Structures are given as C-alpha cells and as structure tokens.
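A.B. asks: This is structure.cif, which holds mmCIF, C-alpha atoms:
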```
data_work
loop_
_atom_site.group_PDB
_atom_site.id
_atom_site.type_symbol
_atom_site.label_atom_id
_atom_site.label_comp_id
_atom_site.auth_asym_id
_atom_site.auth_seq_id
_atom_site.Cartn_x
_atom_site.Cartn_y
_atom_site.Cartn_z
ATOM 1 C CA ALA F 1 39.269 -1.902 16.489
ATOM 2 C CA ASP F 2 39.476 -4.672 13.880
ATOM 3 C CA ALA F 3 36.016 -3.848 12.556
ATOM 4 C CA TRP F 4 33.915 -0.702 12.707
ATOM 5 C CA LEU F 5 30.147 -0.812 12.363
ATOM 6 C CA LEU F 6 28.834 2.750 12.163
ATOM 7 C CA GLU F 7 25.209 3.814 12.025
ATOM 8 C CA VAL F 8 24.479 6.799 9.835
ATOM 9 C CA GLY F 9 21.725 7.921 12.124
ATOM 10 C CA MET F 10 19.618 10.315 10.054
ATOM 11 C CA GLY F 11 19.492 10.424 6.288
ATOM 12 C CA GLY F 12 22.997 9.872 5.016
ATOM 13 C CA ARG F 13 24.309 12.607 2.796
ATOM 14 C CA LEU F 14 24.741 15.246 5.510
ATOM 15 C CA ASP F 15 25.052 13.024 8.582
ATOM 16 C CA ALA F 16 28.343 13.529 10.429
ATOM 17 C CA VAL F 17 29.097 9.786 10.415
ATOM 18 C CA ASN F 18 29.167 9.943 6.602
ATOM 19 C CA ALA F 19 32.570 11.672 6.881
ATOM 20 C CA ILE F 20 34.045 8.197 7.433
ATOM 21 C CA GLU F 21 35.033 6.361 4.248
ATOM 22 C CA PRO F 22 33.405 2.901 4.357
ATOM 23 C CA ASP F 23 34.433 -0.428 2.854
ATOM 24 C CA GLY F 24 30.761 -1.208 2.255
ATOM 25 C CA CYS F 25 27.301 0.099 3.081
ATOM 26 C CA LEU F 26 23.868 -1.263 3.938
ATOM 27 C CA ILE F 27 20.579 0.604 3.500
ATOM 28 C CA THR F 28 17.913 -1.555 5.137
ATOM 29 C CA ASN F 29 14.889 0.264 3.667
ATOM 30 C CA VAL F 30 13.427 3.708 3.028
ATOM 31 C CA SER F 31 10.339 5.011 4.826
ATOM 32 C CA LEU F 32 8.931 8.377 5.841
ATOM 33 C CA ASP F 33 10.838 9.688 8.850
ATOM 34 C CA HIS F 34 12.751 12.850 9.807
ATOM 35 C CA CYS F 35 10.758 14.567 7.063
ATOM 36 C CA ALA F 36 11.591 18.066 8.318
ATOM 37 C CA TRP F 37 15.229 17.434 7.389
ATOM 38 C CA LEU F 38 15.114 14.779 4.668
ATOM 39 C CA GLY F 39 12.050 15.588 2.568
ATOM 40 C CA ASN F 40 8.365 14.743 2.483
ATOM 41 C CA ASP F 41 8.403 11.813 0.052
ATOM 42 C CA ILE F 42 10.168 8.470 -0.348
ATOM 43 C CA GLU F 43 12.286 9.521 -3.333
ATOM 44 C CA SER F 44 13.668 12.588 -1.536
ATOM 45 C CA ILE F 45 14.555 10.542 1.525
ATOM 46 C CA ALA F 46 16.088 7.803 -0.632
ATOM 47 C CA THR F 47 18.296 10.413 -2.292
ATOM 48 C CA GLU F 48 19.561 11.504 1.126
ATOM 49 C CA LYS F 49 20.196 7.926 2.242
ATOM 50 C CA ALA F 50 22.046 7.212 -1.016
ATOM 51 C CA GLY F 51 24.587 9.811 0.069
ATOM 52 C CA ILE F 52 26.508 7.053 1.881
ATOM 53 C CA MET F 53 27.359 5.367 -1.442
ATOM 54 C CA ARG F 54 30.989 5.404 -2.654
ATOM 55 C CA ALA F 55 32.554 4.700 -6.023
ATOM 56 C CA GLY F 56 33.621 1.090 -6.394
ATOM 57 C CA LYS F 57 32.261 0.101 -2.981
ATOM 58 C CA PRO F 58 29.356 -2.327 -2.429
ATOM 59 C CA VAL F 59 26.063 -1.000 -1.102
ATOM 60 C CA VAL F 60 23.314 -3.448 -0.150
ATOM 61 C CA PHE F 61 19.677 -2.374 -0.341
ATOM 62 C CA GLY F 62 17.766 -4.698 1.952
ATOM 63 C CA ALA F 63 14.101 -4.206 0.968
ATOM 64 C CA ALA F 64 12.196 -5.566 -2.007
ATOM 65 C CA SER F 65 10.631 -2.192 -2.845
ATOM 66 C CA VAL F 66 13.411 -0.058 -4.308
ATOM 67 C CA PRO F 67 12.906 3.711 -4.788
ATOM 68 C CA GLU F 68 14.059 4.975 -8.177
ATOM 69 C CA ALA F 69 16.641 7.209 -6.515
ATOM 70 C CA ILE F 70 18.628 4.217 -5.231
ATOM 71 C CA PRO F 71 19.767 2.708 -8.587
ATOM 72 C CA TYR F 72 20.055 6.192 -10.085
ATOM 73 C CA ARG F 73 22.406 7.406 -7.361
ATOM 74 C CA ALA F 74 24.356 4.131 -7.439
ATOM 75 C CA SER F 75 24.965 4.568 -11.153
ATOM 76 C CA GLU F 76 25.850 8.221 -10.676
ATOM 77 C CA SER F 77 28.322 7.528 -7.864
ATOM 78 C CA GLY F 78 29.800 4.346 -9.324
ATOM 79 C CA ALA F 79 28.802 2.241 -6.309
ATOM 80 C CA GLU F 80 28.186 -1.495 -6.680
ATOM 81 C CA LEU F 81 24.475 -1.910 -5.904
ATOM 82 C CA ILE F 82 23.245 -5.216 -4.449
ATOM 83 C CA ILE F 83 19.466 -5.502 -4.191
ATOM 84 C CA ALA F 84 17.268 -7.870 -2.165
ATOM 85 C CA GLY F 85 15.292 -10.228 -4.379
ATOM 86 C CA ARG F 86 17.649 -9.712 -7.306
ATOM 87 C CA ASP F 87 21.132 -10.410 -5.944
ATOM 88 C CA PHE F 88 20.227 -12.263 -2.757
ATOM 89 C CA SER F 89 17.135 -13.819 -1.194
ATOM 90 C CA TYR F 90 15.930 -15.756 1.829
ATOM 91 C CA GLN F 91 13.178 -18.194 2.806
ATOM 92 C CA ILE F 92 11.691 -18.845 6.240
ATOM 93 C CA ASN F 93 11.127 -22.505 7.055
ATOM 94 C CA ALA F 94 8.204 -24.015 8.942
ATOM 95 C CA ASP F 95 10.330 -24.429 12.095
ATOM 96 C CA GLN F 96 11.346 -20.726 11.897
ATOM 97 C CA SER F 97 14.859 -21.575 10.748
ATOM 98 C CA TRP F 98 15.719 -19.974 7.416
ATOM 99 C CA SER F 99 17.839 -20.226 4.301
ATOM 100 C CA TRP F 100 19.812 -17.557 2.452
ATOM 101 C CA GLN F 101 21.090 -17.422 -1.123
ATOM 102 C CA GLY F 102 23.663 -14.902 -2.281
ATOM 103 C CA ARG F 103 25.597 -14.413 -5.493
ATOM 104 C CA ARG F 104 28.112 -17.136 -4.706
ATOM 105 C CA LEU F 105 27.159 -18.618 -1.371
ATOM 106 C CA GLU F 106 24.172 -20.398 0.144
ATOM 107 C CA LEU F 107 23.342 -21.115 3.767
ATOM 108 C CA ASP F 108 20.580 -23.538 4.775
ATOM 109 C CA ASP F 109 18.735 -24.056 8.065
ATOM 110 C CA ILE F 110 20.108 -20.946 9.756
ATOM 111 C CA ALA F 111 18.979 -20.471 13.355
ATOM 112 C CA GLU F 112 15.934 -18.287 13.981
ATOM 113 C CA PRO F 113 16.929 -14.712 14.957
ATOM 114 C CA ALA F 114 16.712 -14.078 18.683
ATOM 115 C CA MET F 115 15.046 -10.740 17.985
ATOM 116 C CA GLN F 116 11.423 -11.449 17.255
ATOM 117 C CA GLY F 117 9.568 -10.293 14.166
ATOM 118 C CA SER F 118 9.657 -11.214 10.490
ATOM 119 C CA VAL F 119 11.574 -8.022 9.665
ATOM 120 C CA GLN F 120 14.596 -9.461 11.494
ATOM 121 C CA TYR F 121 15.029 -12.115 8.794
ATOM 122 C CA ARG F 122 15.096 -9.379 6.165
ATOM 123 C CA ASN F 123 17.612 -7.359 8.138
ATOM 124 C CA ALA F 124 19.847 -10.377 8.701
ATOM 125 C CA ALA F 125 19.698 -11.326 5.017
ATOM 126 C CA GLY F 126 20.996 -7.874 4.105
ATOM 127 C CA VAL F 127 23.866 -8.242 6.566
ATOM 128 C CA LEU F 128 24.879 -11.600 5.068
ATOM 129 C CA ALA F 129 24.772 -10.041 1.593
ATOM 130 C CA LEU F 130 27.157 -7.308 2.718
ATOM 131 C CA PHE F 131 29.572 -9.869 4.187
ATOM 132 C CA GLU F 132 29.561 -11.709 0.868
ATOM 133 C CA ALA F 133 30.066 -8.467 -1.083
ATOM 134 C CA LEU F 134 33.096 -7.664 1.086
ATOM 135 C CA SER F 135 34.520 -11.137 0.324
ATOM 136 C CA LEU F 136 34.339 -12.070 4.003
ATOM 137 C CA ASP F 137 33.237 -15.578 3.078
ATOM 138 C CA LYS F 138 35.085 -17.222 5.957
ATOM 139 C CA MET F 139 32.925 -15.257 8.386
ATOM 140 C CA LEU F 140 29.803 -16.887 6.939
ATOM 141 C CA TYR F 141 30.655 -20.207 8.576
ATOM 142 C CA ARG F 142 27.287 -21.705 9.512
ATOM 143 C CA PRO F 143 27.969 -22.327 13.239
ATOM 144 C CA ASP F 144 29.176 -18.738 13.632
ATOM 145 C CA VAL F 145 26.141 -17.374 11.802
ATOM 146 C CA ASP F 146 23.858 -19.489 14.001
ATOM 147 C CA SER F 147 25.602 -18.214 17.115
ATOM 148 C CA ALA F 148 25.092 -14.614 15.997
ATOM 149 C CA MET F 149 21.407 -15.169 15.220
ATOM 150 C CA LYS F 150 20.811 -16.682 18.652
ATOM 151 C CA SER F 151 22.699 -14.064 20.645
ATOM 152 C CA VAL F 152 21.998 -10.665 19.071
ATOM 153 C CA ARG F 153 19.403 -8.741 21.053
ATOM 154 C CA VAL F 154 18.608 -5.043 21.271
ATOM 155 C CA ALA F 155 16.552 -3.734 24.166
ATOM 156 C CA GLY F 156 13.223 -2.298 23.124
ATOM 157 C CA ARG F 157 12.983 -4.042 19.766
ATOM 158 C CA PHE F 158 9.721 -5.970 20.055
ATOM 159 C CA GLU F 159 10.858 -7.001 23.518
ATOM 160 C CA GLN F 160 8.366 -9.230 25.297
ATOM 161 C CA ILE F 161 8.535 -9.577 29.058
ATOM 162 C CA ALA F 162 6.633 -12.496 30.524
ATOM 163 C CA ASP F 163 3.121 -12.640 29.111
ATOM 164 C CA ARG F 164 2.522 -9.046 30.092
ATOM 165 C CA TRP F 165 4.659 -6.394 28.401
ATOM 166 C CA ILE F 166 5.604 -5.534 24.818
ATOM 167 C CA VAL F 167 8.187 -2.756 24.512
ATOM 168 C CA ASP F 168 9.064 -1.479 21.043
ATOM 169 C CA VAL F 169 10.869 1.704 19.993
ATOM 170 C CA ALA F 170 9.105 1.994 16.622
ATOM 171 C CA HIS F 171 8.416 5.642 15.818
ATOM 172 C CA ASN F 172 7.305 6.008 12.189
ATOM 173 C CA PRO F 173 4.278 4.708 10.227
ATOM 174 C CA ALA F 174 6.138 1.888 8.458
ATOM 175 C CA ALA F 175 7.521 0.591 11.749
ATOM 176 C CA ALA F 176 4.090 0.913 13.359
ATOM 177 C CA GLU F 177 2.491 -1.255 10.681
ATOM 178 C CA ALA F 178 5.215 -3.888 11.096
ATOM 179 C CA LEU F 179 4.726 -3.831 14.874
ATOM 180 C CA ALA F 180 0.953 -4.127 14.524
ATOM 181 C CA ILE F 181 1.343 -7.205 12.310
ATOM 182 C CA GLU F 182 3.592 -8.867 14.887
ATOM 183 C CA ILE F 183 1.139 -8.084 17.702
ATOM 184 C CA GLU F 184 -1.768 -9.542 15.695
ATOM 185 C CA ALA F 185 0.219 -12.744 15.198
ATOM 186 C CA LEU F 186 0.437 -13.224 18.973
ATOM 187 C CA GLU F 187 -3.326 -13.860 19.205
ATOM 188 C CA MET F 188 -3.217 -12.658 22.791
ATOM 189 C CA LYS F 189 -5.961 -12.016 25.277
ATOM 190 C CA LYS F 190 -7.608 -8.633 25.645
ATOM 191 C CA PRO F 191 -7.464 -5.896 26.713
ATOM 192 C CA LEU F 192 -4.384 -4.341 25.156
ATOM 193 C CA VAL F 193 -3.346 -1.038 26.738
ATOM 194 C CA ALA F 194 -0.807 1.201 24.963
ATOM 195 C CA VAL F 195 1.471 3.752 26.634
ATOM 196 C CA VAL F 196 2.724 6.139 23.942
ATOM 197 C CA GLY F 197 5.186 9.024 23.887
ATOM 198 C CA MET F 198 6.691 10.558 20.755
ATOM 199 C CA LEU F 199 8.956 13.310 19.514
ATOM 200 C CA ALA F 200 7.260 16.404 18.125
ATOM 201 C CA ASP F 201 8.645 15.935 14.600
ATOM 202 C CA LYS F 202 7.044 12.510 14.131
ATOM 203 C CA ASP F 203 3.927 11.693 12.135
ATOM 204 C CA VAL F 204 1.840 10.790 15.170
ATOM 205 C CA PRO F 205 -1.482 10.260 13.303
ATOM 206 C CA GLY F 206 0.214 8.078 10.681
ATOM 207 C CA TYR F 207 2.035 6.161 13.388
ATOM 208 C CA MET F 208 -1.081 5.502 15.448
ATOM 209 C CA GLU F 209 -3.409 4.443 12.624
ATOM 210 C CA PRO F 210 -2.448 0.715 12.645
ATOM 211 C CA PHE F 211 -3.080 0.474 16.387
ATOM 212 C CA GLY F 212 -6.694 1.596 16.164
ATOM 213 C CA ARG F 213 -7.706 -1.969 15.335
ATOM 214 C CA LEU F 214 -5.675 -3.518 18.138
ATOM 215 C CA VAL F 215 -5.462 -1.309 21.206
ATOM 216 C CA ASP F 216 -8.389 -0.979 23.600
ATOM 217 C CA ARG F 217 -7.108 1.923 25.698
ATOM 218 C CA PHE F 218 -4.370 4.511 25.205
ATOM 219 C CA ILE F 219 -2.265 6.549 27.613
ATOM 220 C CA ALA F 220 -0.157 9.443 26.325
ATOM 221 C CA VAL F 221 2.977 10.627 28.108
ATOM 222 C CA PRO F 222 5.244 13.614 27.410
ATOM 223 C CA ILE F 223 8.858 13.476 26.296
ATOM 224 C CA GLU F 224 11.077 16.054 27.938
ATOM 225 C CA GLY F 225 13.410 18.256 25.941
ATOM 226 C CA SER F 226 13.106 20.596 22.992
ATOM 227 C CA ARG F 227 12.243 17.790 20.536
ATOM 228 C CA GLY F 228 9.630 16.097 22.694
ATOM 229 C CA ALA F 229 5.881 16.309 22.155
ATOM 230 C CA ASP F 230 3.728 17.125 25.172
ATOM 231 C CA ALA F 231 1.149 14.570 26.260
ATOM 232 C CA GLN F 232 -1.809 16.728 25.249
ATOM 233 C CA MET F 233 -0.612 16.991 21.654
ATOM 234 C CA THR F 234 0.087 13.263 21.481
ATOM 235 C CA ALA F 235 -3.269 12.368 23.053
ATOM 236 C CA LYS F 236 -5.179 14.537 20.589
ATOM 237 C CA ALA F 237 -3.409 12.919 17.629
ATOM 238 C CA ILE F 238 -4.063 9.437 19.039
ATOM 239 C CA ALA F 239 -7.772 10.120 19.573
ATOM 240 C CA ASN F 240 -8.178 11.570 16.083
ATOM 241 C CA ALA F 241 -6.299 8.713 14.412
ATOM 242 C CA THR F 242 -7.935 5.830 16.293
ATOM 243 C CA ASN F 243 -11.340 7.264 17.270
ATOM 244 C CA LYS F 244 -10.659 6.068 20.804
ATOM 245 C CA PRO F 245 -10.163 8.093 23.981
ATOM 246 C CA CYS F 246 -6.658 8.636 25.299
ATOM 247 C CA GLN F 247 -5.763 9.329 28.913
ATOM 248 C CA ILE F 248 -3.033 11.872 29.649
ATOM 249 C CA MET F 249 -0.347 11.210 32.259
ATOM 250 C CA ASP F 250 2.535 13.464 33.266
ATOM 251 C CA TYR F 251 5.144 10.736 33.831
ATOM 252 C CA VAL F 252 6.013 7.326 32.386
ATOM 253 C CA ASP F 253 6.028 5.683 35.833
ATOM 254 C CA GLY F 254 2.499 6.835 36.557
ATOM 255 C CA ALA F 255 1.318 5.764 33.120
ATOM 256 C CA LEU F 256 2.697 2.269 33.602
ATOM 257 C CA THR F 257 1.033 1.954 36.995
ATOM 258 C CA ALA F 258 -2.274 3.024 35.465
ATOM 259 C CA ALA F 259 -1.796 0.657 32.525
ATOM 260 C CA VAL F 260 -1.374 -2.321 34.857
ATOM 261 C CA THR F 261 -4.719 -1.528 36.439
ATOM 262 C CA MET F 262 -6.417 -1.029 33.067
ATOM 263 C CA ALA F 263 -5.041 -4.288 31.688
ATOM 264 C CA GLY F 264 -6.265 -6.338 34.619
ATOM 265 C CA ASP F 265 -4.936 -9.810 35.272
ATOM 266 C CA ASP F 266 -5.105 -11.123 31.699
ATOM 267 C CA GLY F 267 -4.447 -8.075 29.500
ATOM 268 C CA ARG F 268 -1.158 -6.907 28.017
ATOM 269 C CA ILE F 269 0.585 -3.556 27.844
ATOM 270 C CA LEU F 270 2.353 -2.060 24.835
ATOM 271 C CA VAL F 271 4.955 0.671 25.390
ATOM 272 C CA THR F 272 5.968 2.379 22.165
ATOM 273 C CA GLY F 273 6.739 5.543 20.224
ATOM 274 C CA SER F 274 10.309 6.397 21.223
ATOM 275 C CA PHE F 275 13.513 5.267 22.896
ATOM 276 C CA TYR F 276 12.778 8.075 25.368
ATOM 277 C CA VAL F 277 9.725 6.133 26.566
ATOM 278 C CA ALA F 278 11.013 2.573 26.144
ATOM 279 C CA GLY F 279 14.150 3.200 28.243
ATOM 280 C CA PRO F 280 12.387 4.479 31.375
ATOM 281 C CA ALA F 281 9.691 1.820 30.943
ATOM 282 C CA LEU F 282 12.214 -1.027 30.914
ATOM 283 C CA LYS F 283 13.779 0.337 34.113
ATOM 284 C CA TRP F 284 10.337 0.572 35.738
ATOM 285 C CA ILE F 285 9.444 -2.982 34.714
ATOM 286 C CA GLU F 286 12.737 -4.184 36.192
ATOM 287 C CA ARG F 287 11.765 -2.590 39.501
ATOM 288 C CA HIS F 288 8.271 -4.077 39.295
ATOM 289 C CA PRO F 289 8.789 -7.659 38.069
ATOM 290 C CA PRO F 290 5.826 -9.813 36.988
ATOM 291 C CA ALA F 291 4.031 -11.745 39.705
ATOM 292 C CA ASN F 292 5.457 -14.980 38.287
ATOM 293 C CA PRO F 293 9.104 -14.152 37.402
ATOM 294 C CA ALA F 294 9.737 -17.767 36.397
ATOM 295 C CA VAL F 295 7.919 -17.135 33.115
ATOM 296 C CA SER F 296 9.590 -13.767 32.468
ATOM 297 C CA ALA F 297 11.571 -13.662 29.243
ATOM 298 C CA THR F 298 12.702 -11.110 26.705
ATOM 299 C CA ARG F 299 13.259 -11.531 22.983
#
```
Show me the file's structure as structure tokens.
C.D. replies:
Amino acid sequence: ADAWLLEVGMGGRLDAVNAIEPDGCLITNVSLDHCAWLGNDIESIATEKAGIMRAGKPVVFGAASVPEAIPYRASESGAELIIAGRDFSYQINADQSWSWQGRRLELDDIAEPAMQGSVQYRNAAGVLALFEALSLDKMLYRPDVDSAMKSVRVAGRFEQIADRWIVDVAHNPAAAEALAIEIEALEMKKPLVAVVGMLADKDVPGYMEPFGRLVDRFIAVPIEGSRGADAQMTAKAIANATNKPCQIMDYVDGALTAAVTMAGDDGRILVTGSFYVAGPALKWIERHPPANPAVSATR
C-alpha cells in the first residue's frame, strides 16, 4: 500500500498496533473509556495514549482541552506536538462550510463533512493538521479536500435513516454527551425511544445520564460474548441513571419491533451503546425499510 492508516484501538502504549513505527500520529481526544486497562482518570489514560509518540515525529492532539500528560510525554519522547487551538484552528460558517488555518496553510469554504455532528469538524481539522505536519501540502488541494469531506461516511456514526432512526455507536460518557447535543439540535417530534446494549466494562450510568432529558422510553438488550452486559444489568443501570423505566428484551430484532410500536407514527428511535447493537440494527432496518423509502437517507 502507498499509505497506511492504522487505528491504535485501545490506549496506545501497549496496543499491538503500536509495534508499527509511524511517520506521524493523531490523538483526537482523551476521555474515560477502557478504564479497567488504561486507568480511572484522564491523566492516566492520556499517558497510555501518549505511548504512540515517537522522537522527531509529529503528533497532533485534536481537542482544545489538553491533559498535562500529553505535553509532558511529548517533551520526554522528543515528539513534535501540534495542538488544536494553538497550532491550528477552524471555524464553521453559517452555511455549514468551514475554514481551517494551520501553521503554513489556510483553506477557506471547505465542504461540510458528510458525517453529521459538530465533532466531525474537529476530527477533520486534526487530520488536515497531520497532513500539513507531514509536508503533504499537495494533498491539501481544495477540490480534493472537498471531495473527501463529501464522501467519507462510517456506518453507525450518528447515522440517520429517513425521519425515523438514529443509529450511533457511542459507548462512553463523553460520546454520549456529544450525541445528546446533536439529538437536541434536531428539534424532532416526540416520543424518542432508545434501544441500548453495552459491554460490561463500560460506564453505563455515566453513559446514560445525558439521555435522561431526551428519551421517553428505554429498551435494554444483551450483548453476547464474554465482554457483553446482560439486559438486566443494563436496564437497572439505565433506570437508576435516568429515573425512567426500562423494558428488557432478549434480542435486538425484538427490541426494534417493540420500539417501532412505542414510537408510533411520529416518534423516532435511537439505537446506541455499541457496535454490537448498531450492526444488527442496521441489518434489521435494511430488511424493514421505512414506509416512504423515497425520503430515506443516511449521513
């Protein structure tokens, strides 16, 4: 391959992918996740993520809030640290196009990202900063950047189907808050029914807290396998975190059927908590298309 883009899936320091020597690195942000392996606080997790840094190689940190461990480990390792808000920035325009400013380059009126949500601008800005840091200036040709923004889609990332379904694989409290903000911005009709399944090592109460103000009814489903949480455990955490009842279903298909009934003709359905729930849900929705497929669309 001419270019390798490798995800260091959990943490960084001890992840198997970290055996590869990179030309440059991008850390999008640091939040509480995989705490059983990475630590119970932001600084501990940041230290683990900083394990991907290499001497003399650029590492972009894509969030405005920078844990102390990030600059400390960059200095210790000799990596070239590039920080959002200090070394690059972006602005969203009224028409949802956006502008980006790096150390040397500027791009104006970039196309709106195809993946919906304000966090996608932040993620894209970090990617452009890494391209600049790697001196890949010729790849930041505006038409090519626009084409990438318009075409990049990932299933289950705030994916909206018709005016009915929202499928999102968020699974930690920071992602839940970001998802809740995006849902609030839709100003959609009620009721909102949520189908939730999560892994046992996740902070289910912390994840569910933002949805207490948005979701009218919850359905919990199990995730199979040694890492999955059973529906009873998930339902109890949901009820405690939101002070709302939560129905328990044994299978995703049955939960989606029940959610359609609960939502009625005008309500919407949120499927969230894990890739292990989003994947089967998207297949089920494909087999049960909306009544008016002409308005069906995903973002």
A.B. asks: With the file shown as input, list the residues that the PyMOL selection byres ((chain F and resi 242) around 8) selects, as a list in words.
C.D. replies: Met208, Glu209, Phe211, Gly212, Arg213, Ile238, Ala239, Asn240, Ala241, Asn243 and Lys244 of chain F
A.B. asks: List the residues selected by the PyMOL selection byres ((chain F and resi 272) around 7) in the file shown, writing them as a PDB file with C-alpha atoms, in the coordinates of the input.
C.D. replies:
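To be explicit, this is the file written out as out08.pdb:
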```
ATOM      1  CA  VAL F 167       8.187  -2.756  24.512  1.00  0.00           C
ATOM      2  CA  ASP F 168       9.064  -1.479  21.043  1.00  0.00           C
ATOM      3  CA  VAL F 169      10.869   1.704  19.993  1.00  0.00           C
ATOM      4  CA  ALA F 170       9.105   1.994  16.622  1.00  0.00           C
ATOM      5  CA  VAL F 195       1.471   3.752  26.634  1.00  0.00           C
ATOM      6  CA  VAL F 196       2.724   6.139  23.942  1.00  0.00           C
ATOM      7  CA  GLY F 197       5.186   9.024  23.887  1.00  0.00           C
ATOM      8  CA  LEU F 270       2.353  -2.060  24.835  1.00  0.00           C
ATOM      9  CA  VAL F 271       4.955   0.671  25.390  1.00  0.00           C
ATOM     10  CA  GLY F 273       6.739   5.543  20.224  1.00  0.00           C
ATOM     11  CA  SER F 274      10.309   6.397  21.223  1.00  0.00           C
ATOM     12  CA  VAL F 277       9.725   6.133  26.566  1.00  0.00           C
ATOM     13  CA  ALA F 278      11.013   2.573  26.144  1.00  0.00           C
TER      14      ALA F 278
END
```
A.B. asks: Rank F:Arg157, F:Lys150, F:Lys202, F:Arg13 by their smallest atom-to-atom distance to His171 (chain F), using all atoms listed in the file, and report the top residue only.
C.D. replies: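 Smallest separation from His171 (chain F) among the options: F:Lys202.
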A.B. asks: Could you tell me how far CA of Gly279 (chain F) sits from CA of Val221 (chain F), in Å to one decimal place?
C.D. replies: 13.4 Å
A.B. asks: Skip Ile82 (chain F) itself and residues of its chain fewer than 2 positions away, then list as a list in words all residues within 8 Å of it, counting all atoms listed in the file.
C.D. replies: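 Residues near the query, excluding close chain neighbours: Pro58, Val59, Val60, Phe61, Glu80, Ala84, Arg86, Asp87, Phe88 and Ala129 of chain F.
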A.B. asks: Taking the file as shown, find all residues satisfying the PyMOL selection byres ((chain F and resi 91) around 12) and write them as an mmCIF file with C-alpha atoms, in the frame of the given file.
C.D. replies:
```
data_model
loop_
_atom_site.group_PDB
_atom_site.id
_atom_site.type_symbol
_atom_site.label_atom_id
_atom_site.label_comp_id
_atom_site.auth_asym_id
_atom_site.auth_seq_id
_atom_site.Cartn_x
_atom_site.Cartn_y
_atom_site.Cartn_z
ATOM 1 C CA GLY F 85 15.292 -10.228 -4.379
ATOM 2 C CA PHE F 88 20.227 -12.263 -2.757
ATOM 3 C CA SER F 89 17.135 -13.819 -1.194
ATOM 4 C CA TYR F 90 15.930 -15.756 1.829
ATOM 5 C CA ILE F 92 11.691 -18.845 6.240
ATOM 6 C CA ASN F 93 11.127 -22.505 7.055
ATOM 7 C CA ALA F 94 8.204 -24.015 8.942
ATOM 8 C CA ASP F 95 10.330 -24.429 12.095
ATOM 9 C CA GLN F 96 11.346 -20.726 11.897
ATOM 10 C CA SER F 97 14.859 -21.575 10.748
ATOM 11 C CA TRP F 98 15.719 -19.974 7.416
ATOM 12 C CA SER F 99 17.839 -20.226 4.301
ATOM 13 C CA TRP F 100 19.812 -17.557 2.452
ATOM 14 C CA GLN F 101 21.090 -17.422 -1.123
ATOM 15 C CA GLU F 106 24.172 -20.398 0.144
ATOM 16 C CA LEU F 107 23.342 -21.115 3.767
ATOM 17 C CA ASP F 108 20.580 -23.538 4.775
ATOM 18 C CA ASP F 109 18.735 -24.056 8.065
ATOM 19 C CA ILE F 110 20.108 -20.946 9.756
ATOM 20 C CA GLU F 112 15.934 -18.287 13.981
ATOM 21 C CA SER F 118 9.657 -11.214 10.490
ATOM 22 C CA TYR F 121 15.029 -12.115 8.794
ATOM 23 C CA ARG F 122 15.096 -9.379 6.165
ATOM 24 C CA ALA F 124 19.847 -10.377 8.701
ATOM 25 C CA ALA F 125 19.698 -11.326 5.017
#
```
A.B. asks: Could you check how far CA of Ser151 (chain F) sits from CA of Val119 (chain F), in Å to one decimal?
C.D. replies: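 Going from CA of Ser151 (chain F) over to CA of Val119 (chain F) covers 16.8 Å.
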A.B. asks: Up to 10 Å from (10.8, -5.9, 10.9) in the file's coordinates: name the residues, counting only C-alpha atoms, as a PyMOL selection string.
C.D. replies: chain F and resi 115-123+157-158+170+174-179+181-182
A.B. asks: I'd like the neighbourhood of Gln232 (chain F) as an MDAnalysis selection string, where a residue qualifies if any of its atoms comes within 12 Å (using all atoms listed in the file), though same-chain residues fewer than 2 positions away should be ignored.
C.D. replies: chainID F and resid 196:198 200 219:223 228:230 234:239 246:250
A.B. asks: Measuring atom to atom with only C-alpha atoms, identify which of F:Ala263, F:Val152, F:Leu6, F:Val204 is nearest to Lys189 (chain F).
C.D. replies: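 Of F:Ala263, F:Val152, F:Leu6, F:Val204, the one nearest Lys189 (chain F), counting only C-alpha atoms, is F:Ala263.
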A.B. asks: In Å, rounded to a single decimal, give me how far CA of Pro289 (chain F) is from CA of Met149 (chain F).
C.D. replies: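 Result for CA of Met149 (chain F) versus CA of Pro289 (chain F): 27.2 Å, one decimal.
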A.B. asks: Please provide the set of residues having any atom within 12 Å of Asn29 (chain F), restricted to all atoms listed in the file, with same-chain residues fewer than 2 positions apart removed, written as a ChimeraX atom specification.
C.D. replies: /F:11,26-27,31-33,42-43,45-46,49-50,60-67,70,83-84,119,122-123,126,174-175
A.B. asks: Any idea what's packed within 10 Å of Arg164 (chain F), counting only C-alpha atoms, ignoring anything in its chain fewer than 5 positions away? Could you give it as a list in words?
C.D. replies: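 Returned residues: Met188, Leu192, Val260, Ala263, Asp265, Asp266, Gly267, Arg268, Ile269, Leu270, Pro290 and Ser296 of chain F.
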A.B. asks: Pick out the residues sitting within 9 Å of Ala148 (chain F), and hand them over as a list in words; count all atoms listed in the file, and ignore anything fewer than 5 positions along from it in its own chain.
C.D. replies: Ala111, Pro113, Ala114 and Pro143 of chain F
A.B. asks: Kindly complete region 121-128 of chain F to N, CA, C and O atoms; the output should be written as a JSON list (two decimals), in the frame of the given file.
C.D. replies:
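As written to disk, result_36.json reads:
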```
[["chain", "number", "residue", "atom", "x", "y", "z"],
["F", 121, "TYR", "N", 14.47, -11.26, 9.85],
["F", 121, "TYR", "CA", 15.03, -12.12, 8.79],
["F", 121, "TYR", "C", 15.53, -11.25, 7.64],
["F", 121, "TYR", "O", 16.60, -11.48, 7.09],
["F", 122, "ARG", "N", 14.71, -10.28, 7.26],
["F", 122, "ARG", "CA", 15.10, -9.38, 6.16],
["F", 122, "ARG", "C", 16.36, -8.61, 6.50],
["F", 122, "ARG", "O", 17.28, -8.48, 5.68],
["F", 123, "ASN", "N", 16.42, -8.10, 7.72],
["F", 123, "ASN", "CA", 17.61, -7.36, 8.14],
["F", 123, "ASN", "C", 18.85, -8.25, 8.12],
["F", 123, "ASN", "O", 19.92, -7.85, 7.65],
["F", 124, "ALA", "N", 18.71, -9.46, 8.65],
["F", 124, "ALA", "CA", 19.85, -10.38, 8.70],
["F", 124, "ALA", "C", 20.30, -10.78, 7.30],
["F", 124, "ALA", "O", 21.49, -10.92, 7.04],
["F", 125, "ALA", "N", 19.34, -10.96, 6.39],
["F", 125, "ALA", "CA", 19.70, -11.33, 5.02],
["F", 125, "ALA", "C", 20.54, -10.23, 4.37],
["F", 125, "ALA", "O", 21.51, -10.52, 3.64],
["F", 126, "GLY", "N", 20.20, -8.97, 4.63],
["F", 126, "GLY", "CA", 21.00, -7.87, 4.11],
["F", 126, "GLY", "C", 22.41, -7.86, 4.66],
["F", 126, "GLY", "O", 23.37, -7.57, 3.95],
["F", 127, "VAL", "N", 22.54, -8.19, 5.94],
["F", 127, "VAL", "CA", 23.87, -8.24, 6.57],
["F", 127, "VAL", "C", 24.72, -9.34, 5.91],
["F", 127, "VAL", "O", 25.90, -9.13, 5.59],
["F", 128, "LEU", "N", 24.13, -10.51, 5.71],
["F", 128, "LEU", "CA", 24.88, -11.60, 5.07],
["F", 128, "LEU", "C", 25.30, -11.21, 3.66],
["F", 128, "LEU", "O", 26.40, -11.55, 3.21]]
```
